[in-house]
$ cat start_9.pdb   # PDB, C-alpha atoms
ATOM      1  CA  MET A   1     -29.363 -22.292 -48.075
ATOM      2  CA  ILE A   2     -28.762 -18.588 -47.450
ATOM      3  CA  ARG A   3     -25.469 -17.959 -45.706
ATOM      4  CA  LYS A   4     -25.429 -15.621 -42.728
ATOM      5  CA  LYS A   5     -23.470 -12.454 -43.231
ATOM      6  CA  GLY A   6     -20.067 -12.518 -41.566
ATOM      7  CA  LYS A   7     -18.249  -9.929 -39.454
ATOM      8  CA  SER A   8     -15.590  -7.485 -40.621
ATOM      9  CA  LEU A   9     -12.601  -6.252 -38.619
ATOM     10  CA  CYS A  10     -10.185  -3.596 -39.840
ATOM     11  CA  ILE A  11      -6.706  -3.638 -38.296
ATOM     12  CA  PHE A  12      -5.310  -0.092 -38.360
ATOM     13  CA  SER A  13      -2.511   1.892 -36.759
ATOM     14  CA  ALA A  14      -1.479   5.524 -36.467
ATOM     15  CA  LYS A  15       2.126   4.656 -37.296
ATOM     16  CA  GLY A  16       3.882   2.103 -39.468
ATOM     17  CA  GLY A  17       5.949  -0.764 -38.121
ATOM     18  CA  VAL A  18       3.785  -1.620 -35.114
ATOM     19  CA  GLY A  19       3.153  -5.260 -36.037
ATOM     20  CA  LYS A  20      -0.184  -4.725 -37.731
ATOM     21  CA  THR A  21       0.206  -7.370 -40.454
ATOM     22  CA  ILE A  22       1.589  -9.993 -38.066
ATOM     23  CA  THR A  23      -1.320  -9.293 -35.708
ATOM     24  CA  THR A  24      -3.734  -9.758 -38.612
ATOM     25  CA  LEU A  25      -2.160 -13.099 -39.493
ATOM     26  CA  ASN A  26      -2.149 -14.245 -35.885
ATOM     27  CA  LEU A  27      -5.836 -13.416 -35.554
ATOM     28  CA  ALA A  28      -6.543 -15.352 -38.751
ATOM     29  CA  GLY A  29      -4.837 -18.328 -37.127
ATOM     30  CA  ILE A  30      -6.929 -17.955 -33.991
ATOM     31  CA  PHE A  31     -10.156 -17.817 -36.000
ATOM     32  CA  LYS A  32      -9.094 -20.976 -37.820
ATOM     33  CA  LEU A  33      -8.574 -22.709 -34.474
ATOM     34  CA  ILE A  34     -12.198 -21.953 -33.579
ATOM     35  CA  GLU A  35     -13.241 -23.141 -37.049
ATOM     36  CA  LYS A  36     -14.238 -19.841 -38.584
ATOM     37  CA  LYS A  37     -13.837 -19.331 -42.319
ATOM     38  CA  VAL A  38     -11.559 -16.304 -42.721
ATOM     39  CA  LEU A  39     -10.674 -13.914 -45.524
ATOM     40  CA  ILE A  40      -7.698 -11.580 -45.196
ATOM     41  CA  MET A  41      -8.149  -8.505 -47.395
ATOM     42  CA  ASP A  42      -4.800  -6.844 -48.061
ATOM     43  CA  MET A  43      -5.638  -3.152 -48.285
ATOM     44  CA  ASP A  44      -2.053  -1.981 -48.458
ATOM     45  CA  LEU A  45      -2.750  -1.335 -52.107
ATOM     46  CA  ALA A  46       0.743  -0.160 -53.045
ATOM     47  CA  ASN A  47       2.966  -2.377 -50.920
ATOM     48  CA  GLY A  48       0.837  -5.219 -49.608
ATOM     49  CA  GLY A  49       2.708  -7.984 -47.841
ATOM     50  CA  VAL A  50       0.153 -10.593 -46.766
ATOM     51  CA  THR A  51       0.821 -13.004 -49.642
ATOM     52  CA  VAL A  52       4.572 -12.540 -49.148
ATOM     53  CA  ALA A  53       4.295 -13.184 -45.402
ATOM     54  CA  LEU A  54       2.313 -16.358 -46.089
ATOM     55  CA  ASN A  55       4.498 -17.404 -49.015
ATOM     56  CA  CYS A  56       1.448 -17.727 -51.265
ATOM     57  CA  PRO A  57       1.749 -17.465 -55.068
ATOM     58  CA  PHE A  58      -1.278 -15.718 -56.546
ATOM     59  CA  THR A  59      -2.757 -14.649 -59.861
ATOM     60  CA  SER A  60      -5.795 -12.473 -59.106
ATOM     61  CA  THR A  61      -5.955  -9.442 -56.823
ATOM     62  CA  ILE A  62      -8.418  -6.839 -55.642
ATOM     63  CA  TYR A  63      -7.498  -4.858 -58.749
ATOM     64  CA  ASN A  64      -8.762  -7.699 -60.955
ATOM     65  CA  PHE A  65     -11.984  -7.768 -58.938
ATOM     66  CA  VAL A  66     -12.482  -4.017 -59.444
ATOM     67  CA  ASP A  67     -11.596  -4.171 -63.139
ATOM     68  CA  ASP A  68     -13.931  -7.088 -63.810
ATOM     69  CA  TYR A  69     -16.765  -5.634 -61.767
ATOM     70  CA  ASN A  70     -16.442  -2.279 -63.517
ATOM     71  CA  ASN A  71     -16.533  -3.967 -66.931
ATOM     72  CA  ASN A  72     -19.348  -6.448 -66.238
ATOM     73  CA  ARG A  73     -17.032  -9.467 -66.188
ATOM     74  CA  TYR A  74     -17.546 -10.347 -62.528
ATOM     75  CA  LYS A  75     -18.941 -13.833 -61.875
ATOM     76  CA  GLU A  76     -17.888 -15.229 -58.488
ATOM     77  CA  PHE A  77     -15.916 -13.750 -55.613
ATOM     78  CA  LYS A  78     -13.885 -16.935 -55.204
ATOM     79  CA  ASN A  79     -12.222 -16.241 -58.554
ATOM     80  CA  TYR A  80     -10.182 -13.463 -56.963
ATOM     81  CA  VAL A  81      -8.993 -15.046 -53.733
ATOM     82  CA  THR A  82      -5.927 -17.157 -52.997
ATOM     83  CA  LYS A  83      -6.237 -20.118 -50.649
ATOM     84  CA  TYR A  84      -3.794 -20.462 -47.750
ATOM     85  CA  ASP A  85      -5.489 -23.494 -46.231
ATOM     86  CA  GLU A  86      -8.971 -24.922 -45.750
ATOM     87  CA  PHE A  87     -10.013 -22.053 -43.436
ATOM     88  CA  ILE A  88      -7.967 -19.028 -44.548
ATOM     89  CA  ASP A  89      -8.147 -17.231 -47.895
ATOM     90  CA  ILE A  90      -6.492 -14.009 -49.063
ATOM     91  CA  LEU A  91      -7.681 -11.214 -51.336
ATOM     92  CA  PRO A  92      -4.249  -9.908 -52.388
ATOM     93  CA  SER A  93      -3.277  -6.308 -53.003
ATOM     94  CA  PRO A  94      -2.363  -5.342 -56.599
ATOM     95  CA  LYS A  95       0.836  -6.739 -58.078
ATOM     96  CA  ASP A  96       1.654  -3.371 -59.620
ATOM     97  CA  PRO A  97       1.626  -0.455 -57.122
ATOM     98  CA  ARG A  98       0.487   1.845 -59.932
ATOM     99  CA  GLN A  99      -2.852   0.031 -59.887
ATOM    100  CA  GLU A 100      -3.626   1.517 -56.466
ATOM    101  CA  SER A 101      -4.840   4.746 -58.066
ATOM    102  CA  LYS A 102      -7.243   2.766 -60.268
ATOM    103  CA  ILE A 103      -9.150   1.284 -57.324
ATOM    104  CA  ASP A 104     -12.079   3.579 -56.632
ATOM    105  CA  SER A 105     -13.070   3.452 -52.972
ATOM    106  CA  LYS A 106     -16.680   2.590 -53.871
ATOM    107  CA  TYR A 107     -15.516  -0.855 -54.977
ATOM    108  CA  ILE A 108     -14.022  -1.549 -51.551
ATOM    109  CA  GLU A 109     -17.509  -1.589 -50.089
ATOM    110  CA  ILE A 110     -18.717  -3.855 -52.898
ATOM    111  CA  ALA A 111     -15.814  -6.268 -52.398
ATOM    112  CA  LEU A 112     -16.369  -6.347 -48.640
ATOM    113  CA  ASP A 113     -20.087  -7.009 -49.066
ATOM    114  CA  LYS A 114     -19.364  -9.928 -51.407
ATOM    115  CA  ALA A 115     -16.794 -11.288 -48.966
ATOM    116  CA  LEU A 116     -19.095 -11.131 -45.952
ATOM    117  CA  TYR A 117     -21.527 -13.541 -47.594
ATOM    118  CA  ASN A 118     -18.712 -16.012 -48.236
ATOM    119  CA  TYR A 119     -16.806 -15.866 -44.939
ATOM    120  CA  ASP A 120     -17.486 -15.849 -41.223
ATOM    121  CA  ILE A 121     -14.768 -13.267 -40.597
ATOM    122  CA  VAL A 122     -13.128 -10.721 -42.909
ATOM    123  CA  LEU A 123      -9.864  -9.275 -41.573
ATOM    124  CA  ILE A 124      -8.676  -6.143 -43.355
ATOM    125  CA  ASP A 125      -5.002  -5.250 -43.121
ATOM    126  CA  THR A 126      -4.341  -1.604 -43.951
ATOM    127  CA  THR A 127      -1.605   0.986 -44.150
ATOM    128  CA  HIS A 128      -1.329   3.667 -41.449
ATOM    129  CA  ASP A 129      -2.336   6.461 -43.829
ATOM    130  CA  LEU A 130      -5.605   8.346 -43.521
ATOM    131  CA  ASN A 131      -6.181   8.105 -47.255
ATOM    132  CA  GLU A 132      -9.536   7.755 -48.959
ATOM    133  CA  GLN A 133      -9.435   3.964 -49.189
ATOM    134  CA  ASN A 134      -8.641   3.537 -45.497
ATOM    135  CA  LEU A 135     -11.215   6.112 -44.410
ATOM    136  CA  VAL A 136     -13.896   4.362 -46.440
ATOM    137  CA  THR A 137     -12.794   0.996 -45.054
ATOM    138  CA  MET A 138     -12.989   2.174 -41.448
ATOM    139  CA  ASP A 139     -16.366   3.735 -42.120
ATOM    140  CA  ILE A 140     -17.974   0.544 -43.428
ATOM    141  CA  VAL A 141     -16.463  -2.224 -41.268
ATOM    142  CA  ASP A 142     -18.188  -3.605 -38.191
ATOM    143  CA  GLU A 143     -15.202  -3.195 -35.890
ATOM    144  CA  ILE A 144     -11.767  -1.558 -35.880
ATOM    145  CA  LEU A 145      -8.740  -2.759 -33.957
ATOM    146  CA  PHE A 146      -6.133  -0.050 -33.418
ATOM    147  CA  VAL A 147      -2.659  -1.501 -32.926
ATOM    148  CA  MET A 148      -0.099   0.633 -31.111
ATOM    149  CA  THR A 149       3.258   0.321 -29.354
ATOM    150  CA  ASN A 150       4.944   1.954 -26.370
ATOM    151  CA  ASP A 151       6.579   4.587 -28.564
ATOM    152  CA  PRO A 152       6.359   8.390 -28.106
ATOM    153  CA  LEU A 153       5.603   9.104 -31.781
ATOM    154  CA  ASP A 154       3.062   6.307 -31.910
ATOM    155  CA  LEU A 155       1.283   7.639 -28.805
ATOM    156  CA  LYS A 156       1.212  11.153 -30.248
ATOM    157  CA  ASN A 157      -0.281   9.925 -33.518
ATOM    158  CA  MET A 158      -2.775   7.682 -31.744
ATOM    159  CA  LYS A 159      -3.936  10.557 -29.561
ATOM    160  CA  SER A 160      -4.639  12.612 -32.694
ATOM    161  CA  LEU A 161      -6.413   9.717 -34.406
ATOM    162  CA  LEU A 162      -8.642   9.027 -31.421
ATOM    163  CA  SER A 163      -9.569  12.692 -31.142
ATOM    164  CA  ILE A 164     -10.807  12.553 -34.746
ATOM    165  CA  PHE A 165     -12.898   9.476 -33.964
ATOM    166  CA  ARG A 166     -14.374  11.167 -30.910
ATOM    167  CA  ASP A 167     -15.272  14.227 -32.978
ATOM    168  CA  LEU A 168     -17.000  11.925 -35.471
ATOM    169  CA  GLU A 169     -18.712  10.088 -32.591
ATOM    170  CA  LYS A 170     -17.376   6.755 -33.830
ATOM    171  CA  THR A 171     -17.079   4.184 -31.063
ATOM    172  CA  ASN A 172     -16.734   0.861 -32.913
ATOM    173  CA  TYR A 173     -13.056   0.444 -32.110
ATOM    174  CA  LYS A 174     -10.800  -1.154 -29.536
ATOM    175  CA  ILE A 175      -7.107  -0.642 -28.812
ATOM    176  CA  LEU A 176      -4.382  -3.278 -28.722
ATOM    177  CA  LEU A 177      -1.068  -2.358 -27.095
ATOM    178  CA  ASN A 178       1.541  -4.517 -28.820
ATOM    179  CA  ASN A 179       4.528  -4.764 -26.490
ATOM    180  CA  SER A 180       5.829  -7.746 -28.462
ATOM    181  CA  ARG A 181       6.861  -5.505 -31.367
ATOM    182  CA  ASP A 182       9.509  -3.569 -29.414
ATOM    183  CA  PRO A 183      10.050  -5.436 -26.128
ATOM    184  CA  TYR A 184      12.801  -3.084 -25.005
ATOM    185  CA  LYS A 185      10.697   0.053 -25.337
ATOM    186  CA  LYS A 186       9.184   0.623 -21.912
ATOM    187  CA  TYR A 187       8.946   4.377 -21.903
ATOM    188  CA  PHE A 188       5.491   4.662 -20.388
ATOM    189  CA  SER A 189       3.345   2.722 -17.935
ATOM    190  CA  ILE A 190      -0.190   1.649 -18.844
ATOM    191  CA  PHE A 191      -1.461   4.513 -16.677
ATOM    192  CA  ASP A 192       0.737   6.974 -18.586
ATOM    193  CA  ILE A 193      -0.411   5.645 -21.957
ATOM    194  CA  ARG A 194      -4.067   5.950 -20.998
ATOM    195  CA  SER A 195      -3.466   9.500 -19.813
ATOM    196  CA  ILE A 196      -1.654  10.464 -23.014
ATOM    197  CA  ILE A 197      -4.126   9.027 -25.528
ATOM    198  CA  LYS A 198      -7.133   9.713 -23.275
ATOM    199  CA  ALA A 199      -8.538   6.245 -23.867
ATOM    200  CA  ASN A 200      -8.529   2.796 -22.359
ATOM    201  CA  ILE A 201      -6.293  -0.062 -23.498
ATOM    202  CA  ASP A 202      -8.571  -2.987 -24.308
ATOM    203  CA  TYR A 203      -5.948  -5.638 -24.990
ATOM    204  CA  THR A 204      -2.196  -6.021 -24.401
ATOM    205  CA  LEU A 205       0.281  -8.386 -26.001
ATOM    206  CA  SER A 206       3.249  -8.848 -23.702
ATOM    207  CA  SER A 207       6.934  -8.411 -24.524
ATOM    208  CA  GLU A 208       7.259 -12.179 -23.989
ATOM    209  CA  PHE A 209       5.479 -12.705 -27.323
ATOM    210  CA  PHE A 210       8.496 -11.226 -29.120
ATOM    211  CA  LEU A 211      10.094 -13.717 -31.530
ATOM    212  CA  LYS A 212      13.690 -13.152 -32.569
ATOM    213  CA  ASN A 213      13.253 -15.570 -35.465
ATOM    214  CA  ILE A 214      10.048 -14.030 -36.833
ATOM    215  CA  ASP A 215      11.660 -13.754 -40.281
ATOM    216  CA  GLN A 216      11.998 -17.529 -40.359
ATOM    217  CA  TYR A 217       8.251 -17.933 -39.967
ATOM    218  CA  ILE A 218       7.630 -15.391 -42.727
ATOM    219  CA  MET A 219      10.099 -17.048 -45.106
ATOM    220  CA  ASN A 220       8.348 -20.369 -44.498
ATOM    221  CA  GLY A 221       4.889 -18.851 -44.860
ATOM    222  CA  LYS A 222       3.788 -19.886 -41.378
ATOM    223  CA  ILE A 223       1.277 -18.285 -39.023
ATOM    224  CA  ILE A 224       2.657 -18.193 -35.489
ATOM    225  CA  THR A 225      -0.639 -18.975 -33.766
ATOM    226  CA  LEU A 226      -0.978 -22.175 -35.799
ATOM    227  CA  GLU A 227       2.339 -23.601 -34.644
ATOM    228  CA  PRO A 228       1.582 -26.559 -32.305
ATOM    229  CA  LYS A 229       3.913 -25.568 -29.453
ATOM    230  CA  MET A 230       2.987 -21.878 -29.371
ATOM    231  CA  PRO A 231      -0.237 -22.046 -27.277
ATOM    232  CA  ASN A 232       1.736 -23.519 -24.394
ATOM    233  CA  VAL A 233       4.827 -21.371 -24.795
ATOM    234  CA  PHE A 234       2.835 -18.122 -25.037
ATOM    235  CA  ALA A 235      -0.291 -19.054 -23.083
ATOM    236  CA  LYS A 236      -0.966 -15.517 -21.800
ATOM    237  CA  ASP A 237      -0.762 -13.892 -25.217
ATOM    238  CA  TYR A 238      -2.808 -16.648 -26.832
ATOM    239  CA  SER A 239      -5.461 -15.889 -24.259
ATOM    240  CA  VAL A 240      -5.433 -12.227 -25.337
ATOM    241  CA  LEU A 241      -5.815 -13.131 -29.015
ATOM    242  CA  MET A 242      -8.560 -15.608 -28.148
ATOM    243  CA  THR A 243     -10.358 -12.874 -26.226
ATOM    244  CA  ILE A 244     -10.234 -10.562 -29.246
ATOM    245  CA  ALA A 245     -11.646 -13.335 -31.432
ATOM    246  CA  ALA A 246     -14.324 -14.159 -28.862
ATOM    247  CA  ASP A 247     -15.376 -10.510 -28.666
ATOM    248  CA  ILE A 248     -15.728 -10.346 -32.446
ATOM    249  CA  THR A 249     -17.611 -13.628 -32.816
ATOM    250  CA  LYS A 250     -19.885 -12.799 -29.888
ATOM    251  CA  GLU A 251     -20.914  -9.555 -31.556
ATOM    252  CA  GLU A 252     -21.349 -11.435 -34.838
ATOM    253  CA  GLU A 253     -23.734 -13.906 -33.189
ATOM    254  CA  GLU A 254     -25.680 -11.118 -31.504
ATOM    255  CA  LYS A 255     -26.019  -9.314 -34.837
ATOM    256  CA  ASN A 256     -27.383 -12.433 -36.552
ATOM    257  CA  GLU A 257     -29.797 -13.145 -33.676
ATOM    258  CA  LYS A 258     -31.389  -9.728 -34.127
ATOM    259  CA  LYS A 259     -32.162 -10.426 -37.772
TER     260      LYS A 259
END
$ encode --input "start_9.pdb" --output "structure tokens"
Amino acid sequence: MIRKKGKSLCIFSAKGGVGKTITTLNLAGIFKLIEKKVLIMDMDLANGGVTVALNCPFTSTIYNFVDDYNNNRYKEFKNYVTKYDEFIDILPSPKDPRQESKIDSKYIEIALDKALYNYDIVLIDTTHDLNEQNLVTMDIVDEILFVMTNDPLDLKNMKSLLSIFRDLEKTNYKILLNNSRDPYKKYFSIFDIRSIIKANIDYTLSSEFFLKNIDQYIMNGKIITLEPKMPNVFAKDYSVLMTIAADITKEEEEKNEKK
């Protein structure tokens, strides 16, 4: 049986510290709840934190995939992933940050292509740098989710990033305003933010989704959206994350129907 090709989503930001990795993990949890097989690719190649956040010991990384593929040792993609549970796997970033420079961007596309035939959804967590690896990643994925906060520097950087995308005529992105990252930062209204970045806000996570004990979840390797009580406690924000997942899976189904 030939498996249908999955859908890829890159989670990117114009500034660090906006909650990008936590958002990636929360979306992975949501996709598990709707029974989608998910791979999280950690593309923070120097300082990746997905395996740390999920408390997952690992042996192989994307560097091992690249090294084996380049030297004709590659056999199966599953040999390089780490299992979190029955629905969520991780392709970790290199253990040694010096290995980042040894990962040619052409292998990112190869790794993603292999992953898409093994998973329904591939979530790619990135850094906020416009380096070669991230540019290639954003160029080849199906969709991009920009995560931003209500922060003056973040808005300035996002405005610049969006202007580049408009110049390139790239439209396969949506914007998530993450008010849960800094609940006390309320510098600008939604109208102001739209005016500054000259774009619409597609999704908003409220300040109510802020968790003071987030470190406890990370230390225990837990995904917030998979905690039993959370859907009721944060019903509005769960609805937002469900909407993002529904938008992605809907486009995935439409893509497969056209084939």
$ resolve_selection --input "start_9.pdb" --expression "the PyMOL selection byres ((chain A and resi 56) around 9)" --output "list in words"
Val50, Thr51, Val52, Ala53, Leu54, Asn55, Pro57, Phe58, Thr82, Lys83, Tyr84 and Gly221 of chain A
$ residues_around --input "start_9.pdb" --residues "region 130-133 of chain A" --least-positions-apart "5" --cutoff "10 Å" --atoms "only C-alpha atoms" --output "count of residues only"
17
$ atom_distance --input "start_9.pdb" --atom1 "CA of Arg181 (chain A)" --atom2 "CA of Asp215 (chain A)"
13.1 Å
$ resolve_selection --input "start_9.pdb" --expression "the PyMOL selection byres ((chain A and resi 203) around 10)" --output "list in words"
Leu145, Val147, Lys174, Ile175, Leu176, Leu177, Asn178, Asn200, Ile201, Asp202, Thr204, Leu205, Ser206, Asp237, Val240, Leu241, Thr243 and Ile244 of chain A
$ residues_around --input "start_9.pdb" --residues "Phe188 (chain A)" --least-positions-apart "5" --cutoff "9 Å" --atoms "all atoms listed in the file" --output "PDB file with C-alpha atoms, in the coordinates of the input"
ATOM      1  CA  ASN A 150       4.944   1.954 -26.370  1.00  0.00           C
ATOM      2  CA  ASP A 151       6.579   4.587 -28.564  1.00  0.00           C
ATOM      3  CA  PRO A 152       6.359   8.390 -28.106  1.00  0.00           C
ATOM      4  CA  ILE A 193      -0.411   5.645 -21.957  1.00  0.00           C
TER       5      ILE A 193
END
$ closest_residue --input "start_9.pdb" --among "A:Ser101, A:Gly6, A:Lys32, A:Leu162" --to "Phe146 (chain A)" --atoms "all atoms listed in the file"
A:Leu162
$ axis_aligned_box --input "start_9.pdb" --around "region 212-218 of chain A" --padding-each-side "5 Å" --output "AutoDock Vina command-line options"
--center_x 10.7 --center_y -15.5 --center_z -37.6 --size_x 16.1 --size_y 14.8 --size_z 20.2
$ atom_distance --input "start_9.pdb" --atom1 "CA of Thr149 (chain A)" --atom2 "CA of Asn134 (chain A)"
20.3 Å
$ atom_distance --input "start_9.pdb" --atom1 "CA of Ile40 (chain A)" --atom2 "CA of Val81 (chain A)"
9.3 Å
$ residues_around --input "start_9.pdb" --residues "Ala245 (chain A)" --least-positions-apart "6" --cutoff "8 Å" --atoms "all atoms listed in the file" --output "list in words"
Leu27, Ile30 and Phe31 of chain A
$ residues_around --input "start_9.pdb" --residues "Asp142 (chain A)" --least-positions-apart "2" --cutoff "8 Å" --atoms "all atoms listed in the file" --output "JSON, numbers by chain"
{"A": [7, 8, 9, 140, 144, 172]}
$ residues_around --input "start_9.pdb" --residues "Ile196 (chain A)" --least-positions-apart "5" --cutoff "10 Å" --atoms "all atoms listed in the file" --output "ChimeraX atom specification"
/A:152,155-156,158-159,188,190-191
$ resolve_selection --input "start_9.pdb" --expression "the PyMOL selection byres ((chain A and resi 36-38) around 6)" --output "list in words"
Phe31, Lys32, Ile34, Glu35, Leu39, Phe87, Ile88, Tyr119, Asp120, Ile121 and Val122 of chain A
$ closest_residue --input "start_9.pdb" --among "A:Lys250, A:Lys114, A:His128, A:Arg166" --to "Gly19 (chain A)" --atoms "all atoms listed in the file"
A:His128
$ closest_residue --input "start_9.pdb" --among "A:Pro228, A:Pro94, A:Gly48, A:Gly29" --to "Val66 (chain A)" --atoms "all atoms listed in the file"
A:Pro94
$ closest_residue --input "start_9.pdb" --among "A:Asp129, A:Ile110, A:Glu76, A:Thr225" --to "Ser239 (chain A)" --atoms "all atoms listed in the file"
A:Thr225
$ build_atoms --input "start_9.pdb" --residues "region 129-150 of chain A" --atoms "N, CA, C and O atoms" --output "mmCIF file, in the frame of the given file"
data_model
loop_
_atom_site.group_PDB
_atom_site.id
_atom_site.type_symbol
_atom_site.label_atom_id
_atom_site.label_comp_id
_atom_site.auth_asym_id
_atom_site.auth_seq_id
_atom_site.Cartn_x
_atom_site.Cartn_y
_atom_site.Cartn_z
ATOM 1 N N ASP A 129 -1.982 5.165 -43.251
ATOM 2 C CA ASP A 129 -2.336 6.461 -43.829
ATOM 3 C C ASP A 129 -3.837 6.721 -43.718
ATOM 4 O O ASP A 129 -4.649 5.807 -43.882
ATOM 5 N N LEU A 130 -4.184 7.973 -43.503
ATOM 6 C CA LEU A 130 -5.605 8.346 -43.521
ATOM 7 C C LEU A 130 -5.989 8.761 -44.940
ATOM 8 O O LEU A 130 -6.446 9.884 -45.188
ATOM 9 N N ASN A 131 -5.806 7.824 -45.876
ATOM 10 C CA ASN A 131 -6.181 8.105 -47.255
ATOM 11 C C ASN A 131 -7.643 7.724 -47.478
ATOM 12 O O ASN A 131 -8.313 7.199 -46.589
ATOM 13 N N GLU A 132 -8.121 7.976 -48.681
ATOM 14 C CA GLU A 132 -9.536 7.755 -48.959
ATOM 15 C C GLU A 132 -9.935 6.294 -48.779
ATOM 16 O O GLU A 132 -10.977 5.989 -48.181
ATOM 17 N N GLN A 133 -9.097 5.380 -49.286
ATOM 18 C CA GLN A 133 -9.435 3.964 -49.189
ATOM 19 C C GLN A 133 -9.539 3.502 -47.739
ATOM 20 O O GLN A 133 -10.464 2.774 -47.369
ATOM 21 N N ASN A 134 -8.607 3.941 -46.906
ATOM 22 C CA ASN A 134 -8.641 3.537 -45.497
ATOM 23 C C ASN A 134 -9.800 4.183 -44.746
ATOM 24 O O ASN A 134 -10.415 3.565 -43.876
ATOM 25 N N LEU A 135 -10.091 5.432 -45.060
ATOM 26 C CA LEU A 135 -11.215 6.112 -44.410
ATOM 27 C C LEU A 135 -12.532 5.429 -44.749
ATOM 28 O O LEU A 135 -13.387 5.239 -43.879
ATOM 29 N N VAL A 136 -12.687 5.071 -46.027
ATOM 30 C CA VAL A 136 -13.896 4.362 -46.440
ATOM 31 C C VAL A 136 -13.973 3.004 -45.753
ATOM 32 O O VAL A 136 -15.022 2.594 -45.255
ATOM 33 N N THR A 137 -12.829 2.311 -45.697
ATOM 34 C CA THR A 137 -12.794 0.996 -45.054
ATOM 35 C C THR A 137 -13.224 1.087 -43.599
ATOM 36 O O THR A 137 -14.067 0.311 -43.128
ATOM 37 N N MET A 138 -12.647 2.039 -42.864
ATOM 38 C CA MET A 138 -12.989 2.174 -41.448
ATOM 39 C C MET A 138 -14.426 2.623 -41.241
ATOM 40 O O MET A 138 -15.021 2.369 -40.194
ATOM 41 N N ASP A 139 -14.986 3.273 -42.239
ATOM 42 C CA ASP A 139 -16.366 3.735 -42.120
ATOM 43 C C ASP A 139 -17.372 2.609 -42.313
ATOM 44 O O ASP A 139 -18.465 2.653 -41.752
ATOM 45 N N ILE A 140 -16.996 1.579 -43.082
ATOM 46 C CA ILE A 140 -17.974 0.544 -43.428
ATOM 47 C C ILE A 140 -17.805 -0.766 -42.654
ATOM 48 O O ILE A 140 -18.713 -1.599 -42.667
ATOM 49 N N VAL A 141 -16.661 -0.960 -41.987
ATOM 50 C CA VAL A 141 -16.463 -2.224 -41.268
ATOM 51 C C VAL A 141 -17.273 -2.244 -39.975
ATOM 52 O O VAL A 141 -17.687 -1.210 -39.458
ATOM 53 N N ASP A 142 -17.469 -3.458 -39.458
ATOM 54 C CA ASP A 142 -18.188 -3.605 -38.191
ATOM 55 C C ASP A 142 -17.346 -3.114 -37.021
ATOM 56 O O ASP A 142 -17.844 -2.407 -36.147
ATOM 57 N N GLU A 143 -16.076 -3.538 -37.009
ATOM 58 C CA GLU A 143 -15.202 -3.195 -35.890
ATOM 59 C C GLU A 143 -13.820 -2.792 -36.392
ATOM 60 O O GLU A 143 -13.386 -3.226 -37.463
ATOM 61 N N ILE A 144 -13.132 -1.983 -35.582
ATOM 62 C CA ILE A 144 -11.767 -1.558 -35.880
ATOM 63 C C ILE A 144 -10.883 -1.915 -34.696
ATOM 64 O O ILE A 144 -11.260 -1.694 -33.542
ATOM 65 N N LEU A 145 -9.727 -2.477 -34.996
ATOM 66 C CA LEU A 145 -8.740 -2.759 -33.957
ATOM 67 C C LEU A 145 -7.529 -1.865 -34.209
ATOM 68 O O LEU A 145 -6.812 -2.035 -35.200
ATOM 69 N N PHE A 146 -7.306 -0.903 -33.329
ATOM 70 C CA PHE A 146 -6.133 -0.050 -33.418
ATOM 71 C C PHE A 146 -4.962 -0.754 -32.746
ATOM 72 O O PHE A 146 -5.056 -1.155 -31.586
ATOM 73 N N VAL A 147 -3.862 -0.889 -33.480
ATOM 74 C CA VAL A 147 -2.659 -1.501 -32.926
ATOM 75 C C VAL A 147 -1.635 -0.401 -32.667
ATOM 76 O O VAL A 147 -1.351 0.415 -33.535
ATOM 77 N N MET A 148 -1.078 -0.390 -31.456
ATOM 78 C CA MET A 148 -0.099 0.633 -31.111
ATOM 79 C C MET A 148 1.008 0.032 -30.262
ATOM 80 O O MET A 148 0.873 -1.069 -29.721
ATOM 81 N N THR A 149 2.126 0.763 -30.162
ATOM 82 C CA THR A 149 3.258 0.321 -29.354
ATOM 83 C C THR A 149 3.588 1.383 -28.313
ATOM 84 O O THR A 149 3.035 2.483 -28.324
ATOM 85 N N ASN A 150 4.504 1.036 -27.420
ATOM 86 C CA ASN A 150 4.944 1.954 -26.370
ATOM 87 C C ASN A 150 6.048 2.849 -26.933
ATOM 88 O O ASN A 150 7.219 2.751 -26.572
#
